[in-house]
Amino acid sequence: MWTYWAKFTPDMTQLPSLECVTLESWYPSSLAQWLTRRLRGPSNYTPAYQYGSSSDSLWDTSLQYISVSESFWSFSLVQFKKQKLLIELDRYAPDVAELIRTPMEMHYIPLKVALFYLLNPYTVMSCVAKSTCAINNTIIAFFILATIKGSTLLSAVFLALATYQSLYPLTLFAPALLYLLQRQFIPVKLKSKGFWLYTTQYAALYLCSLVVIVCLSFFLLNSWDFIPSVYGFILSVPDLTPNIGLFWYFFAEMFEHFSLFFVCVFQINVFFYTIPLAIKLKEHPIFFLFVQLAIISIFKSYPTVGDVALYMAFLPLWSHLYRFLRNIFILSCVLVVCSLLFPVLWHLWIYAGSANSNFYYAITLTFNVGQILLISDYFYAFLRREYYLTHGLYLTRKDGTEAMLVLK
């Protein structure tokens with residue numbers, strides 16, 4: 001009989017407060033049995049620990065106690081994850097086994113993500129243009145790696161570096177915090193002392209790192225002029241050179257006395273969606289991170305194709321959502337056609353003189369609308385899969401007829 005041992009703390013209130021939990025006592029469904037056979041090791045495995053005899057020295061006994069305690073705690077953490085997974089499976093409908101991702105399906109995802117980024121035409125164009133966006137993407141990649149590995153300090157430091165360079169990665173604080181809280185098994189509850197303690201710790205590390213970096217810049221330049229030159233430039237949008245963003249054409253055609261109000265309205269888009277997304281996706285911080293990266297690349301004041309390549313590298317991670325996407329083919333065609341028309345209309349406008357800015361901005365607007373619809377489609381597919389996991393893949397009305405899921 002497999003026996004799962006776990007040491008529960010007062011914060012771990014989402015699971016039963018038991019010293020010993022057996023699978024047989026849960027009466028698992030067929031789905032739980034199906035996935036359990038993939039999670040368990042040999043059926044005859046029994047964790048056993050051999051303590052020292054009475055003849056051992058006090059020093060040897062102390063070392064054995066420390067090593068056994070640490071080993072048992074690590075073992076308990078692994079078993080805790082398995083218990084949590086199996087308890088979640090009991091909440092899933094019995095006919096959704098095909099929606100569960102197996103380790104074999106996820107084995108090649110890291111390679112796919114790397115290839116999707118390195119071979120992406122947007123990445124290649126960014127490198128050919130010698131854009132500094134590659135540096136920002138590298139820092140964000142290290143931030144994501146440190147967060148996934150559970151390193152609170154490195155995550156805060158790399159997030160501070162990314163914020164120092166382009167300001168908008170500040171919105172990635174929320175998904176990183178939610179993921180680190182999950183790794184520490186701390187529930188996201190406003191009344192939880194552990195939640196506020198860890199949040200304060202992570203925020204303090206982030207702010208201290210950012211302050212140190214800014215002060216180092218001051219010592220190097222012996223001036224604070226870099227603050228309005230960098231952050232003031234990003235927020236006030238004084239340079240209206242055409243790009244793939246939404247700002248340049250709108251403010252080029254606007255009266256001067258209205259510009260401040262609409263700059264605030266445009267800039268708030270990047271930060272406005274963070275709180276509602278954090279509430280809705282608090283159990284899925286990695287998907288939250290993906291959506292937030294896409295929002296930054298769409299609504300930042302000076303976007304580049306390198307920003308688009310960064311969030312598109314996450315698409316292989318959500319390959320299990322393809323069956324729920326509604327307009328993936330049309331949106332892919334829109335993005336490809338717009339990408340091909342960008343240089344054509346730029347040449348007709350700037351060099352040939354047979355077009356004007358309206359043509360170029362029309363393609364820019366279409367490209368950004370396509371990105372927004374793409375992210376909305378993935379968001380809908382994600383919520384739809386989560387609903388099916390709980391309520392069953394084949395929905396029926398009260399009269400027995402097939403029901404259709406509608407997102408409101």
# chains A, B, ... in the order shown; residues from 1 in each chain; ligands from 1
call {"tool": "residues_around", "arguments": {"residues": "range 331-340 of chain A", "least_positions_apart": "4", "cutoff": "9 Å", "atoms": "only C-alpha atoms", "output": "ChimeraX atom specification"}}
result
/A:327,344,363-364,366-368,370-371,373-374
call {"tool": "residues_around", "arguments": {"residues": "range 307-323 of chain A", "least_positions_apart": "5", "cutoff": "7 Å", "atoms": "only C-alpha atoms", "output": "number ranges by chain"}}
result
A: 109, 112-113, 116-117, 120, 122-123, 137, 290, 293-294, 297, 381-382
call {"tool": "write_last_selection", "arguments": {"atoms": "C-alpha atoms", "output": "mmCIF file, in the first residue's frame"}}
result
data_model
loop_
_atom_site.group_PDB
_atom_site.id
_atom_site.type_symbol
_atom_site.label_atom_id
_atom_site.label_comp_id
_atom_site.auth_asym_id
_atom_site.auth_seq_id
_atom_site.Cartn_x
_atom_site.Cartn_y
_atom_site.Cartn_z
ATOM 1 C CA ILE A 109 8.388 21.887 -24.849
ATOM 2 C CA LYS A 112 10.165 23.993 -28.992
ATOM 3 C CA VAL A 113 10.206 27.261 -27.047
ATOM 4 C CA PHE A 116 10.316 29.180 -31.693
ATOM 5 C CA TYR A 117 12.269 32.160 -30.375
ATOM 6 C CA ASN A 120 11.306 33.494 -35.349
ATOM 7 C CA TYR A 122 10.907 38.834 -35.706
ATOM 8 C CA THR A 123 13.930 37.760 -33.653
ATOM 9 C CA ASN A 137 14.609 40.276 -23.729
ATOM 10 C CA PHE A 290 2.443 35.269 -20.906
ATOM 11 C CA LEU A 293 4.171 40.150 -21.803
ATOM 12 C CA ALA A 294 1.799 40.349 -24.766
ATOM 13 C CA SER A 297 4.455 44.457 -26.422
ATOM 14 C CA ALA A 381 -9.332 28.851 -24.881
ATOM 15 C CA PHE A 382 -7.603 28.697 -21.491
#
call {"tool": "closest_residue", "arguments": {"among": "A:Asp90, A:Met125, A:Leu181, A:Tyr394", "to": "Pro343 in chain A", "atoms": "only C-alpha atoms"}}
result
A:Met125
call {"tool": "atom_distance", "arguments": {"atom1": "CA of Ser301 in chain A", "atom2": "CA of Ser376 in chain A"}}
result
20.9 Å
call {"tool": "closest_residue", "arguments": {"among": "A:Ile213, A:Phe218, A:Glu105, A:Thr132", "to": "Phe158 in chain A", "atoms": "only C-alpha atoms"}}
result
A:Ile213
call {"tool": "atom_distance", "arguments": {"atom1": "CA of Leu345 in chain A", "atom2": "CA of Tyr360 in chain A"}}
result
5.7 Å
call {"tool": "residues_around", "arguments": {"residues": "range 262-278 of chain A", "least_positions_apart": "3", "cutoff": "9 Å", "atoms": "only C-alpha atoms", "output": "ChimeraX atom specification"}}
result
/A:168,170-172,174-175,178,235-237,246-247,251,258-259,281-283,285,288,291-292,295-296,298-301
call {"tool": "write_last_selection", "arguments": {"atoms": "N, CA and C atoms", "output": "mmCIF file, in the first residue's frame"}}
result
data_model
loop_
_atom_site.group_PDB
_atom_site.id
_atom_site.type_symbol
_atom_site.label_atom_id
_atom_site.label_comp_id
_atom_site.auth_asym_id
_atom_site.auth_seq_id
_atom_site.Cartn_x
_atom_site.Cartn_y
_atom_site.Cartn_z
ATOM 1 N N TYR A 168 8.198 49.232 -18.229
ATOM 2 C CA TYR A 168 6.973 48.435 -18.332
ATOM 3 C C TYR A 168 7.050 47.061 -17.665
ATOM 4 N N LEU A 170 7.603 46.376 -14.881
ATOM 5 C CA LEU A 170 7.057 46.503 -13.524
ATOM 6 C C LEU A 170 5.794 45.670 -13.359
ATOM 7 N N THR A 171 4.997 45.535 -14.422
ATOM 8 C CA THR A 171 3.744 44.779 -14.340
ATOM 9 C C THR A 171 3.972 43.278 -14.190
ATOM 10 N N LEU A 172 5.208 42.807 -14.407
ATOM 11 C CA LEU A 172 5.509 41.386 -14.237
ATOM 12 C C LEU A 172 5.718 41.015 -12.769
ATOM 13 N N ALA A 174 3.492 41.068 -10.378
ATOM 14 C CA ALA A 174 2.350 40.295 -9.876
ATOM 15 C C ALA A 174 2.432 38.817 -10.255
ATOM 16 N N PRO A 175 2.619 38.434 -11.538
ATOM 17 C CA PRO A 175 2.710 37.001 -11.845
ATOM 18 C C PRO A 175 3.902 36.316 -11.200
ATOM 19 N N LEU A 178 2.948 35.646 -7.550
ATOM 20 C CA LEU A 178 1.988 34.557 -7.439
ATOM 21 C C LEU A 178 2.656 33.203 -7.643
ATOM 22 N N LEU A 235 7.358 57.787 -20.997
ATOM 23 C CA LEU A 235 5.999 58.107 -20.560
ATOM 24 C C LEU A 235 5.389 59.276 -21.331
ATOM 25 N N SER A 236 6.182 60.274 -21.702
ATOM 26 C CA SER A 236 5.630 61.458 -22.362
ATOM 27 C C SER A 236 5.557 61.321 -23.880
ATOM 28 N N VAL A 237 6.272 60.374 -24.469
ATOM 29 C CA VAL A 237 6.234 60.073 -25.910
ATOM 30 C C VAL A 237 6.489 61.333 -26.757
ATOM 31 N N LEU A 246 1.005 52.021 -31.436
ATOM 32 C CA LEU A 246 -0.256 52.743 -31.616
ATOM 33 C C LEU A 246 -0.155 54.228 -31.312
ATOM 34 N N PHE A 247 0.978 54.692 -30.768
ATOM 35 C CA PHE A 247 1.070 56.049 -30.261
ATOM 36 C C PHE A 247 1.350 57.083 -31.356
ATOM 37 N N PHE A 251 -0.909 60.699 -31.845
ATOM 38 C CA PHE A 251 -0.466 61.962 -31.247
ATOM 39 C C PHE A 251 0.078 62.930 -32.286
ATOM 40 N N PHE A 258 -4.633 68.602 -25.896
ATOM 41 C CA PHE A 258 -5.280 67.343 -25.514
ATOM 42 C C PHE A 258 -4.271 66.217 -25.264
ATOM 43 N N SER A 259 -3.024 66.447 -25.617
ATOM 44 C CA SER A 259 -2.053 65.341 -25.651
ATOM 45 C C SER A 259 -1.784 64.751 -24.269
ATOM 46 N N LEU A 281 -6.457 34.953 -12.736
ATOM 47 C CA LEU A 281 -5.447 33.929 -13.031
ATOM 48 C C LEU A 281 -4.482 33.713 -11.866
ATOM 49 N N LYS A 282 -4.947 33.902 -10.648
ATOM 50 C CA LYS A 282 -4.038 33.751 -9.507
ATOM 51 C C LYS A 282 -3.571 32.319 -9.326
ATOM 52 N N GLU A 283 -4.321 31.345 -9.832
ATOM 53 C CA GLU A 283 -3.896 29.954 -9.763
ATOM 54 C C GLU A 283 -3.046 29.546 -10.965
ATOM 55 N N PRO A 285 -0.157 31.473 -12.673
ATOM 56 C CA PRO A 285 0.704 32.651 -12.842
ATOM 57 C C PRO A 285 1.536 32.633 -14.124
ATOM 58 N N PHE A 288 -0.594 33.957 -16.807
ATOM 59 C CA PHE A 288 -0.705 35.378 -16.487
ATOM 60 C C PHE A 288 0.534 36.130 -16.972
ATOM 61 N N VAL A 291 0.347 36.496 -20.816
ATOM 62 C CA VAL A 291 -0.608 37.532 -21.223
ATOM 63 C C VAL A 291 -0.039 38.920 -20.941
ATOM 64 N N GLN A 292 0.627 39.070 -19.808
ATOM 65 C CA GLN A 292 1.173 40.381 -19.462
ATOM 66 C C GLN A 292 2.304 40.789 -20.401
ATOM 67 N N ILE A 295 0.617 42.067 -23.497
ATOM 68 C CA ILE A 295 0.040 43.400 -23.289
ATOM 69 C C ILE A 295 1.130 44.468 -23.353
ATOM 70 N N ILE A 296 2.291 44.177 -22.778
ATOM 71 C CA ILE A 296 3.401 45.135 -22.826
ATOM 72 C C ILE A 296 3.833 45.378 -24.266
ATOM 73 N N ILE A 298 2.171 45.151 -26.965
ATOM 74 C CA ILE A 298 1.142 45.815 -27.776
ATOM 75 C C ILE A 298 0.987 47.278 -27.386
ATOM 76 N N PHE A 299 0.958 47.569 -26.089
ATOM 77 C CA PHE A 299 0.580 48.899 -25.624
ATOM 78 C C PHE A 299 1.745 49.765 -25.157
ATOM 79 N N LYS A 300 2.971 49.306 -25.250
ATOM 80 C CA LYS A 300 4.087 50.158 -24.869
ATOM 81 C C LYS A 300 4.261 51.264 -25.895
ATOM 82 N N SER A 301 4.890 52.359 -25.487
ATOM 83 C CA SER A 301 4.957 53.539 -26.345
ATOM 84 C C SER A 301 5.878 53.358 -27.541
#
call {"tool": "residues_around", "arguments": {"residues": "Ile234 in chain A", "least_positions_apart": "5", "cutoff": "9 Å", "atoms": "only C-alpha atoms", "output": "number ranges by chain"}}
result
A: 166-167, 228-229, 300-302
call {"tool": "atom_distance", "arguments": {"atom1": "CA of Phe359 in chain A", "atom2": "CA of Asp377 in chain A"}}
result
27.0 Å
call {"tool": "select_by_dssp", "arguments": {"residues": "range 211-323 of chain A", "states": "helix (DSSP H, G or I)", "output": "MDAnalysis selection string"}}
result
chainID A and resid 211:221 226:236 247:252 256:272 274:280 285:299 305:312 315:323
call {"tool": "residues_around", "arguments": {"residues": "Leu145 in chain A", "least_positions_apart": "6", "cutoff": "10 Å", "atoms": "only C-alpha atoms", "output": "PyMOL selection string"}}
result
chain A and resi 139+151+154-155+158
call {"tool": "write_last_selection", "arguments": {"atoms": "N, CA and C atoms", "output": "mmCIF file, in the first residue's frame"}}
result
data_model
loop_
_atom_site.group_PDB
_atom_site.id
_atom_site.type_symbol
_atom_site.label_atom_id
_atom_site.label_comp_id
_atom_site.auth_asym_id
_atom_site.auth_seq_id
_atom_site.Cartn_x
_atom_site.Cartn_y
_atom_site.Cartn_z
ATOM 1 N N ILE A 139 17.337 39.956 -20.304
ATOM 2 C CA ILE A 139 17.120 40.185 -18.872
ATOM 3 C C ILE A 139 15.781 39.596 -18.429
ATOM 4 N N SER A 151 14.032 31.187 -7.121
ATOM 5 C CA SER A 151 15.020 32.052 -6.479
ATOM 6 C C SER A 151 14.420 33.440 -6.281
ATOM 7 N N LEU A 154 17.225 36.410 -6.983
ATOM 8 C CA LEU A 154 17.565 36.612 -8.390
ATOM 9 C C LEU A 154 16.370 37.094 -9.189
ATOM 10 N N SER A 155 15.193 36.588 -8.866
ATOM 11 C CA SER A 155 13.991 37.053 -9.549
ATOM 12 C C SER A 155 13.788 38.554 -9.335
ATOM 13 N N PHE A 158 16.654 40.586 -11.302
ATOM 14 C CA PHE A 158 16.467 40.667 -12.752
ATOM 15 C C PHE A 158 15.216 41.468 -13.119
#
